[in-house]
Structures are given as structure tokens and as C-alpha cells.
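Student: I'm passing along upload-v5.cif; it holds mmCIF, C-alpha atoms.
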data_protein
loop_
_atom_site.label_atom_id
_atom_site.label_comp_id
_atom_site.auth_asym_id
_atom_site.auth_seq_id
_atom_site.Cartn_x
_atom_site.Cartn_y
_atom_site.Cartn_z
CA MET A 21 0.00 0.00 0.00
CA GLU A 22 1.38 3.40 -0.97
CA LYS A 23 1.79 6.10 1.64
CA GLU A 24 1.67 9.83 1.25
CA LEU A 25 4.94 11.73 1.27
CA ILE A 26 4.35 14.31 4.00
CA GLN A 27 5.47 17.82 3.12
CA LYS A 28 5.31 21.31 4.54
CA PHE A 29 7.19 24.34 3.25
CA TYR A 30 7.97 27.63 5.01
CA LYS A 31 9.75 30.53 3.30
CA TYR A 32 11.91 32.56 5.64
CA ASN A 33 10.80 36.21 5.52
CA LEU A 34 13.89 38.39 5.84
CA GLU A 35 11.95 41.50 6.83
CA LYS A 36 9.69 39.90 9.45
CA LYS A 37 12.52 37.60 10.65
CA GLN A 38 10.21 34.60 10.72
CA SER A 39 9.07 31.78 8.48
CA GLU A 40 5.72 31.82 6.72
CA LYS A 41 3.96 28.83 5.20
CA VAL A 42 4.11 28.69 1.43
CA GLU A 43 2.47 26.25 -0.97
CA SER A 44 4.99 23.98 -2.64
CA HIS A 45 3.59 24.58 -6.12
CA LEU A 46 4.13 28.34 -5.74
CA LEU A 47 7.66 27.82 -4.46
CA PHE A 48 8.58 25.43 -7.28
CA SER A 49 6.96 27.64 -9.93
CA THR A 50 9.14 30.54 -8.81
CA LEU A 51 12.30 28.45 -8.68
CA THR A 52 11.81 26.83 -12.09
CA LYS A 53 10.77 29.96 -14.00
CA ASP A 54 13.09 30.19 -17.00
CA ARG A 55 15.38 27.58 -15.39
CA HIS A 56 16.11 24.03 -16.49
CA CYS A 57 18.77 22.34 -14.36
CA PHE A 58 19.03 22.01 -10.55
CA SER A 59 21.76 20.37 -8.45
CA PHE A 60 21.12 19.23 -4.87
CA VAL A 61 23.84 19.08 -2.21
CA GLY A 62 24.00 18.49 1.53
CA ALA A 63 22.21 16.02 3.79
CA GLY A 64 19.00 15.27 5.62
CA GLY A 65 16.40 15.33 2.85
CA LYS A 66 17.89 15.69 -0.66
CA SER A 67 16.25 12.57 -2.06
CA SER A 68 12.85 13.42 -0.60
CA LEU A 69 13.01 16.96 -1.98
CA ILE A 70 14.05 15.69 -5.42
CA GLU A 71 11.11 13.24 -5.45
CA ILE A 72 8.63 15.95 -4.45
CA MET A 73 9.96 18.35 -7.06
CA ALA A 74 9.97 15.62 -9.71
CA ALA A 75 6.34 14.76 -8.93
CA TRP A 76 5.38 18.43 -9.06
CA GLY A 77 7.11 18.94 -12.42
CA THR A 78 5.45 15.86 -13.87
CA LYS A 79 2.07 17.10 -12.70
CA GLN A 80 2.76 20.36 -14.56
CA GLY A 81 3.28 18.39 -17.77
CA LYS A 82 7.06 18.76 -17.75
CA LYS A 83 9.46 16.08 -18.97
CA VAL A 84 11.36 15.55 -15.70
CA LEU A 85 14.76 13.85 -15.57
CA VAL A 86 16.37 12.73 -12.30
CA THR A 87 20.03 11.73 -12.29
CA THR A 88 23.26 11.96 -10.30
CA THR A 89 26.90 12.97 -10.55
CA THR A 90 27.66 10.67 -7.60
CA HIS A 91 25.17 7.99 -6.48
CA ILE A 92 21.43 7.62 -6.01
CA PHE A 93 19.20 4.72 -5.06
CA ARG A 94 18.03 2.66 -8.00
CA PRO A 95 14.39 3.42 -8.82
CA GLU A 96 11.63 0.99 -9.73
CA PRO A 97 12.30 -0.53 -13.20
CA GLU A 98 9.58 1.45 -14.98
CA LYS A 99 11.36 4.75 -14.17
CA LEU A 100 14.85 3.74 -15.37
CA ALA A 101 15.68 4.92 -18.90
CA ARG A 102 18.55 3.66 -21.06
CA THR A 103 17.60 5.15 -24.44
CA PRO A 104 15.79 8.22 -25.80
CA GLU A 105 12.88 5.91 -26.61
CA ASP A 106 12.72 4.88 -22.94
CA LEU A 107 12.57 8.53 -21.93
CA GLU A 108 9.68 9.32 -24.26
CA ARG A 109 7.81 6.20 -23.13
CA ILE A 110 8.19 7.11 -19.44
CA TRP A 111 7.26 10.76 -19.97
CA GLY A 112 4.35 9.74 -22.18
CA ALA A 113 3.04 7.59 -19.33
CA GLY A 114 2.99 10.63 -17.05
CA ASP A 115 6.02 9.71 -14.93
CA TRP A 116 9.49 11.12 -14.32
CA ALA A 117 12.54 9.33 -15.69
CA VAL A 118 15.80 8.36 -14.00
CA ILE A 119 19.14 7.69 -15.70
CA GLY A 120 22.35 6.23 -14.29
CA GLU A 121 24.66 3.25 -14.47
CA VAL A 122 23.98 0.34 -12.09
CA GLU A 123 26.73 -0.09 -9.49
CA VAL A 124 28.37 -3.52 -9.79
CA LYS A 125 29.18 -3.83 -6.08
CA GLN A 126 25.99 -2.08 -4.94
CA PRO A 127 23.29 -2.98 -7.47
CA GLN A 128 20.68 -1.14 -5.40
CA LYS A 129 22.37 2.11 -6.43
CA LEU A 130 23.05 4.03 -9.62
CA LYS A 131 26.18 6.01 -10.41
CA MET A 132 26.68 8.84 -12.88
CA PRO A 133 25.63 7.83 -16.40
CA ASP A 134 27.83 8.01 -19.47
CA PRO A 135 28.49 11.75 -20.08
CA ASP A 136 27.29 11.67 -23.70
CA TRP A 137 24.04 9.93 -22.74
CA MET A 138 23.59 12.32 -19.84
CA LYS A 139 23.92 15.37 -22.11
CA GLN A 140 21.53 13.86 -24.64
CA ALA A 141 18.92 13.09 -21.97
CA MET A 142 19.27 16.51 -20.36
CA ALA A 143 18.69 18.19 -23.72
CA LEU A 144 15.42 16.27 -24.14
CA ALA A 145 14.11 17.11 -20.66
CA ASP A 146 12.22 20.20 -19.48
CA LEU A 147 13.43 19.90 -15.88
CA VAL A 148 16.64 18.20 -14.71
CA LEU A 149 17.20 17.33 -11.02
CA ILE A 150 20.70 16.15 -10.09
CA GLU A 151 21.89 14.68 -6.80
CA ALA A 152 25.42 16.11 -6.69
CA ASP A 153 26.88 14.62 -3.50
CA GLY A 154 26.31 11.94 -0.87
CA SER A 155 25.60 11.98 2.86
CA LYS A 156 25.33 8.36 4.10
CA ARG A 157 21.84 9.21 5.42
CA LEU A 158 23.22 11.56 8.08
CA PRO A 159 21.49 14.93 8.65
CA CYS A 160 24.60 17.09 8.20
CA LYS A 161 27.65 17.17 5.98
CA VAL A 162 30.61 19.26 4.89
CA PRO A 163 32.03 18.47 1.43
CA ALA A 164 35.36 16.78 0.83
CA THR A 165 37.85 18.13 -1.70
CA HIS A 166 36.29 16.14 -4.57
CA GLU A 167 32.73 17.27 -3.76
CA PRO A 168 30.26 18.39 -4.93
CA VAL A 169 30.19 17.51 -8.62
CA ILE A 170 28.17 20.37 -10.11
CA LEU A 171 27.74 20.31 -13.87
CA SER A 172 28.23 23.50 -15.85
CA GLU A 173 24.59 23.26 -16.99
CA THR A 174 23.37 23.76 -13.41
CA GLU A 175 21.45 27.01 -12.92
CA VAL A 176 20.32 26.56 -9.30
CA VAL A 177 22.05 24.85 -6.38
CA ILE A 178 19.79 23.69 -3.54
CA ALA A 179 21.63 22.92 -0.29
CA VAL A 180 19.87 20.82 2.34
CA LEU A 181 20.60 20.23 6.03
CA GLY A 182 18.54 18.31 8.58
CA LEU A 183 17.53 20.13 11.77
CA SER A 184 17.71 16.86 13.72
CA ALA A 185 21.47 17.51 13.83
CA LEU A 186 21.07 20.49 16.16
CA GLY A 187 22.58 19.78 19.56
CA GLN A 188 24.14 16.50 18.42
CA PRO A 189 27.88 15.67 18.57
CA LEU A 190 29.59 16.12 15.22
CA LYS A 191 30.78 12.50 15.27
CA GLU A 192 27.17 11.28 15.40
CA CYS A 193 25.45 13.57 12.92
CA CYS A 194 27.93 14.84 10.34
CA PHE A 195 29.23 13.11 7.22
CA ARG A 196 32.85 14.00 6.36
CA LEU A 197 33.74 14.49 10.02
CA GLU A 198 37.29 15.71 9.43
CA GLU A 199 36.10 18.41 7.04
CA ALA A 200 33.44 19.51 9.54
CA GLU A 201 35.99 19.71 12.35
CA LYS A 202 38.23 21.88 10.16
CA LEU A 203 35.48 24.22 8.96
CA LEU A 204 33.97 24.70 12.42
CA GLU A 205 37.31 24.63 14.28
CA ALA A 206 35.84 22.06 16.64
CA ASP A 207 36.44 18.47 17.76
CA GLU A 208 34.27 15.41 17.19
CA ASP A 209 32.40 15.86 20.49
CA HIS A 210 31.33 19.42 19.67
CA LEU A 211 27.54 19.87 19.78
CA LEU A 212 26.26 21.32 16.52
CA SER A 213 24.70 24.77 17.00
CA CYS A 214 22.54 27.07 14.87
CA GLU A 215 25.60 29.17 14.13
CA ASP A 216 27.48 26.05 12.99
CA MET A 217 24.70 25.08 10.59
CA ALA A 218 24.52 28.61 9.23
CA LYS A 219 28.27 28.57 8.66
CA ILE A 220 28.09 25.24 6.82
CA LEU A 221 25.36 26.61 4.53
CA ALA A 222 26.99 29.99 3.94
CA SER A 223 30.65 29.06 3.59
CA GLU A 224 32.32 28.46 0.25
CA GLU A 225 34.17 25.68 2.05
CA GLY A 226 30.81 24.28 3.10
CA LEU A 227 27.67 23.67 1.04
CA ARG A 228 28.12 26.89 -0.95
CA LYS A 229 31.24 25.38 -2.47
CA ASP A 230 31.51 25.79 -6.27
CA VAL A 231 28.15 27.59 -6.47
CA GLY A 232 29.72 30.64 -8.09
CA GLY A 233 27.15 33.05 -9.54
CA ARG A 234 24.32 30.51 -9.64
CA LYS A 235 21.10 30.98 -7.68
CA TYR A 236 21.53 29.38 -4.25
CA VAL A 237 18.75 28.11 -1.99
CA ALA A 238 19.30 26.92 1.59
CA VAL A 239 16.77 24.32 2.77
CA LEU A 240 16.47 23.42 6.46
CA ASN A 241 14.59 20.14 6.59
CA GLN A 242 13.21 18.06 9.49
CA CYS A 243 11.27 21.05 10.80
CA ASP A 244 9.15 18.59 12.78
CA ASP A 245 8.21 20.68 15.83
CA ASP A 246 8.23 24.24 17.16
CA THR A 247 11.70 23.91 18.67
CA ARG A 248 13.28 22.87 15.38
CA ARG A 249 11.34 25.49 13.47
CA GLU A 250 12.59 28.17 15.85
CA GLY A 251 16.11 26.85 15.34
CA GLY A 252 15.62 27.04 11.58
CA GLU A 253 14.43 30.65 11.88
CA ARG A 254 17.54 31.56 13.89
CA ILE A 255 19.69 29.97 11.22
CA GLY A 256 17.77 31.89 8.56
CA GLU A 257 18.50 35.18 10.31
CA MET A 258 22.22 34.31 10.53
CA LEU A 259 22.30 33.36 6.85
CA ARG A 260 20.96 36.78 5.96
CA GLY A 261 24.06 38.30 7.53
CA TRP A 262 26.20 36.06 5.35
CA GLY A 263 24.42 37.00 2.14
CA VAL A 264 22.12 33.98 1.76
CA GLU A 265 18.65 35.37 1.07
CA ASN A 266 16.80 32.28 -0.18
CA VAL A 267 15.99 30.17 2.88
CA VAL A 268 13.26 27.54 3.07
CA LEU A 269 12.20 25.45 6.07
CA THR A 270 10.64 22.08 5.29
CA LYS A 271 9.09 19.05 6.88
CA LEU A 272 9.56 16.11 4.52
CA ARG A 273 9.12 12.45 5.29
CA ASN A 274 9.94 9.95 2.58
CA CYS A 275 8.00 6.69 2.87
CA ARG A 276 10.35 5.06 0.33
CA ALA A 277 9.89 1.52 1.63
CA GLY A 278 6.20 1.52 0.83
CA GLY A 279 6.33 3.78 -2.20
CA ALA A 280 5.27 7.41 -2.17
CA THR A 281 2.57 9.56 -3.64
CA VAL A 282 2.54 13.31 -3.50
CA LYS A 283 -0.53 15.54 -3.24
CA PHE A 284 -0.55 19.26 -4.10
#
Could you rewrite the structure in this file as C-alpha cells?

Tutor:
Amino acid sequence: MEKELIQKFYKYNLEKKQSEKVESHLLFSTLTKDRHCFSFVGAGGKSSLIEIMAAWGTKQGKKVLVTTTTHIFRPEPEKLARTPEDLERIWGAGDWAVIGEVEVKQPQKLKMPDPDWMKQAMALADLVLIEADGSKRLPCKVPATHEPVILSETEVVIAVLGLSALGQPLKECCFRLEEAEKLLEADEDHLLSCEDMAKILASEEGLRKDVGGRKYVAVLNQCDDDTRREGGERIGEMLRGWGVENVVLTKLRNCRAGGATVKF
């Protein structure tokens, strides 16, 4: 039995210094206006956000392509495309398509597809959503030297962190621990604070790495209760001081094991 993918979105209002509920279709319409390619980095909700955005785009009649420059979980067979004909069949059936090469050692995952096939598929799509780094299912991360892998076609970078990491020791909540210790000038037992999360999102050594002049959106996920939402709002205010103006708070829960449907 399929379960609903729970979602709530709050846009941080810089003037009022608080978050205000926003409908996902309005948020996505604004983000995708005159834009084609999005890369997702960070931890604590990337895959869920990609699925929600893919479902929204498909509902709008867009040809949506999901892929990776690192690794993603292998989708159900009917979503996986290997040829242009597969893409048109999947899109014609009202679904979004996924491309990638099956990992030999981890067949439940896909790795980056052949570059020529990737470019061909991207050119055929109306909306491209790329998972551009990994997180080992932890709520926080700081990129290593080889991360993220952001293609030149990317117009928007969406950086995600999970608010469940607040108050947790770095060693328990953060992927790429050594990089986090260096960026935050802290040890592995340091408890992650709002200021730490803001720094990770704002720093060019953190999730803003290699963004350049592209549009940048900071997403604070796992906004599951008032305490976390207040923490997200504090982080949003700090980000403003560091020049990050696009901040979204979300509550996303991916029921991947039972499948997911999305309602708008």
C-alpha cells in the first residue's frame, strides 16, 4: 500500500525575521521559472526533496529527468531509462525518468551515467534534477575536496541540512567528520549549534562550495516541531548576515519503503 509523502514548506521572511507557510507549487513555480537544471547538495532530505519536485514537475506536464553525478538509489524498473525511446515512453506515461549506471558492487544504487548519454537526456528534458553529492543518510555534511560535482549546466544549487542535527555531537550527525571539524574549528564531540549550521550553509568551504554566480537556496529540513522550526528561523537570520537570502524550512518524510505519492 502506498503512503503519502508528507510535506510542509515555510519561506523565511527576511523582513519579518520569521518563516511563513508557502504552498509547494508556488515555491517550485518561482524556482523553475526560465530555469532548467538544478543540483542538490547536503544532507538530511535531498532525495525526498528531489522526489517531491519531480512529482510536481510531472504534474505540470514537464518532462522531468532525475540523475546523479555521484550515487542515487536505484528506482523501480519502470522509471529507469537507457535510451531516448525509454525517456519518451516514461514521460508519455505521465512519470518522471531516472538515468544512471547500475553499481556492480551495490546494485541497489546508480552512479553517474555516461556523459554523452547524460547530455543527450538533459537536452530532451524540461526539468533536470541532479543529486550532486552523498551523505550516508546523516542529517549534516561538509564536502570533501572532490565534492560536490556540479555540472556546468546547473542554474540553481539547492543545499539541504537536517535540523535533527542540532545539539548533536559532530561525530554522530555529520558526514565528512574531518572536514566539519576543520570548517567549524571544533572536535568530534562538539555539539552542533545554529551558528554552525549557518556557517556550513553559507561558507564556500561548506555547502556553498563551487556555487559561483548561480542561484543558491538553503533548505532546512526536518522542521518537525516548534523547537526545530525556531532553530531554523535563527539559522535563517544568521544566513541573511552572510548573504544567503533564499531560505526555506521544510518538513519532509519519505516513505520510500512503501512507495510514495505526492498531493498538491

Student: Distance CA of Cys214 (chain A)-CA of Ile255 (chain A), one decimal place?

Tutor: 5.5 Å

Student: Report as an NGL selection string the full result of the PyMOL selection byres ((chain A and resi 187) around 10) when it is applied to this structure.

Tutor: :A and (183-186 or 188-190 or 193 or 210-214)

Student: Rounded to one decimal, what separation in Å do you get between CA of Asp216 (chain A) and CA of Glu167 (chain A)?

Tutor: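 According to the coordinates, CA of Asp216 (chain A) and CA of Glu167 (chain A) are separated by 19.6 Å.
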
Student: Near Glu257 (chain A), counting all atoms listed in the file, which residues have an atom at most 9 Å away, once you skip same-chain residues fewer than 5 positions from it, shown as a PyMOL selection string?

Tutor: chain A and resi 32+34+37-38+218+252

Student: CA of Glu224 (chain A) to CA of Gly65 (chain A): how many Å, to one decimal?

Tutor: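 For CA of Glu224 (chain A) relative to CA of Gly65 (chain A), the distance reads 20.8 Å.
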
Student: Using the chain letters and residue numbers of this document, give as a list in words the residues selected by the PyMOL selection byres ((chain A and resi 199) around 12).

Tutor: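 Selected by the PyMOL selection byres ((chain A and resi 199) around 12) here: Cys160, Lys161, Val162, Pro163, Ala164, Thr165, His166, Glu167, Leu190, Lys191, Cys194, Phe195, Arg196, Leu197, Glu198, Ala200, Glu201, Lys202, Leu203, Leu204, Glu205, Ala206, Asp207, Glu208, Ile220, Glu225, Gly226 and Leu227 of chain A.
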
Student: Quick one: residues within 9 Å of Trp137 (chain A), all atoms listed in the file, excluding same-chain residues fewer than 2 positions away - as a VMD selection string?

Tutor: chain A and resid 102 to 104 119 133 to 135 139 to 142

Student: Quick one: everything within 10 Å of Leu51 (chain A), counting all atoms listed in the file, minus sequence neighbours fewer than 4 positions away in the same chain. Send it as a compact mmCIF listing (two decimals) with C-alpha atoms, in the coordinates of the input.

Tutor:
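Now in part.txt:
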# COMPACT_ATOMS: atom_id res chain seq x y z
CA HIS A 45 3.59 24.58 -6.12
CA LEU A 46 4.13 28.34 -5.74
CA LEU A 47 7.66 27.82 -4.46
CA ARG A 55 15.38 27.58 -15.39
CA HIS A 56 16.11 24.03 -16.49
CA PHE A 58 19.03 22.01 -10.55
CA VAL A 176 20.32 26.56 -9.30
CA LYS A 235 21.10 30.98 -7.68
CA VAL A 237 18.75 28.11 -1.99

Student: Could you check the closest approach to Pro95 (chain A) for each of A:Val42, A:Leu69, A:Val122, A:Val264 and tell me which residue wins, using all atoms listed in the file?

Tutor: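 That would be A:Val122, the residue with the smallest distance to Pro95 (chain A).
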
Student: Quick one: residues within 6 Å of (17.4, 12.9, -16.1) (file frame), counting only C-alpha atoms, please, as a list in words.

Tutor: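 Those within range, by chain then number, are Leu85, Val86, Thr87, Val118, Ile119, Met142 and Val148 of chain A.
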
Student: Using all atoms listed in the file, what residues lie at most 7 Å away from (29.2, 15.4, -0.9) (file coordinates), given as an MDAnalysis selection string?

Tutor: chainID A and resid 61:62 152:155 163:164 167:168

Student: Might you spell out which residues the PyMOL selection byres ((chain A and resi 249) around 12) would select in the displayed file, as an NGL selection string?

Tutor: :A and (28-32 or 38-41 or 182-184 or 186 or 214 or 240-248 or 250-256 or 268-271)

Student: Within 7 Å of Thr174 (chain A), counting only C-alpha atoms, which residues show up once you throw out same-chain ones fewer than 3 positions away? Write them as a ChimeraX atom specification, please.

Tutor: /A:57-59,170-171
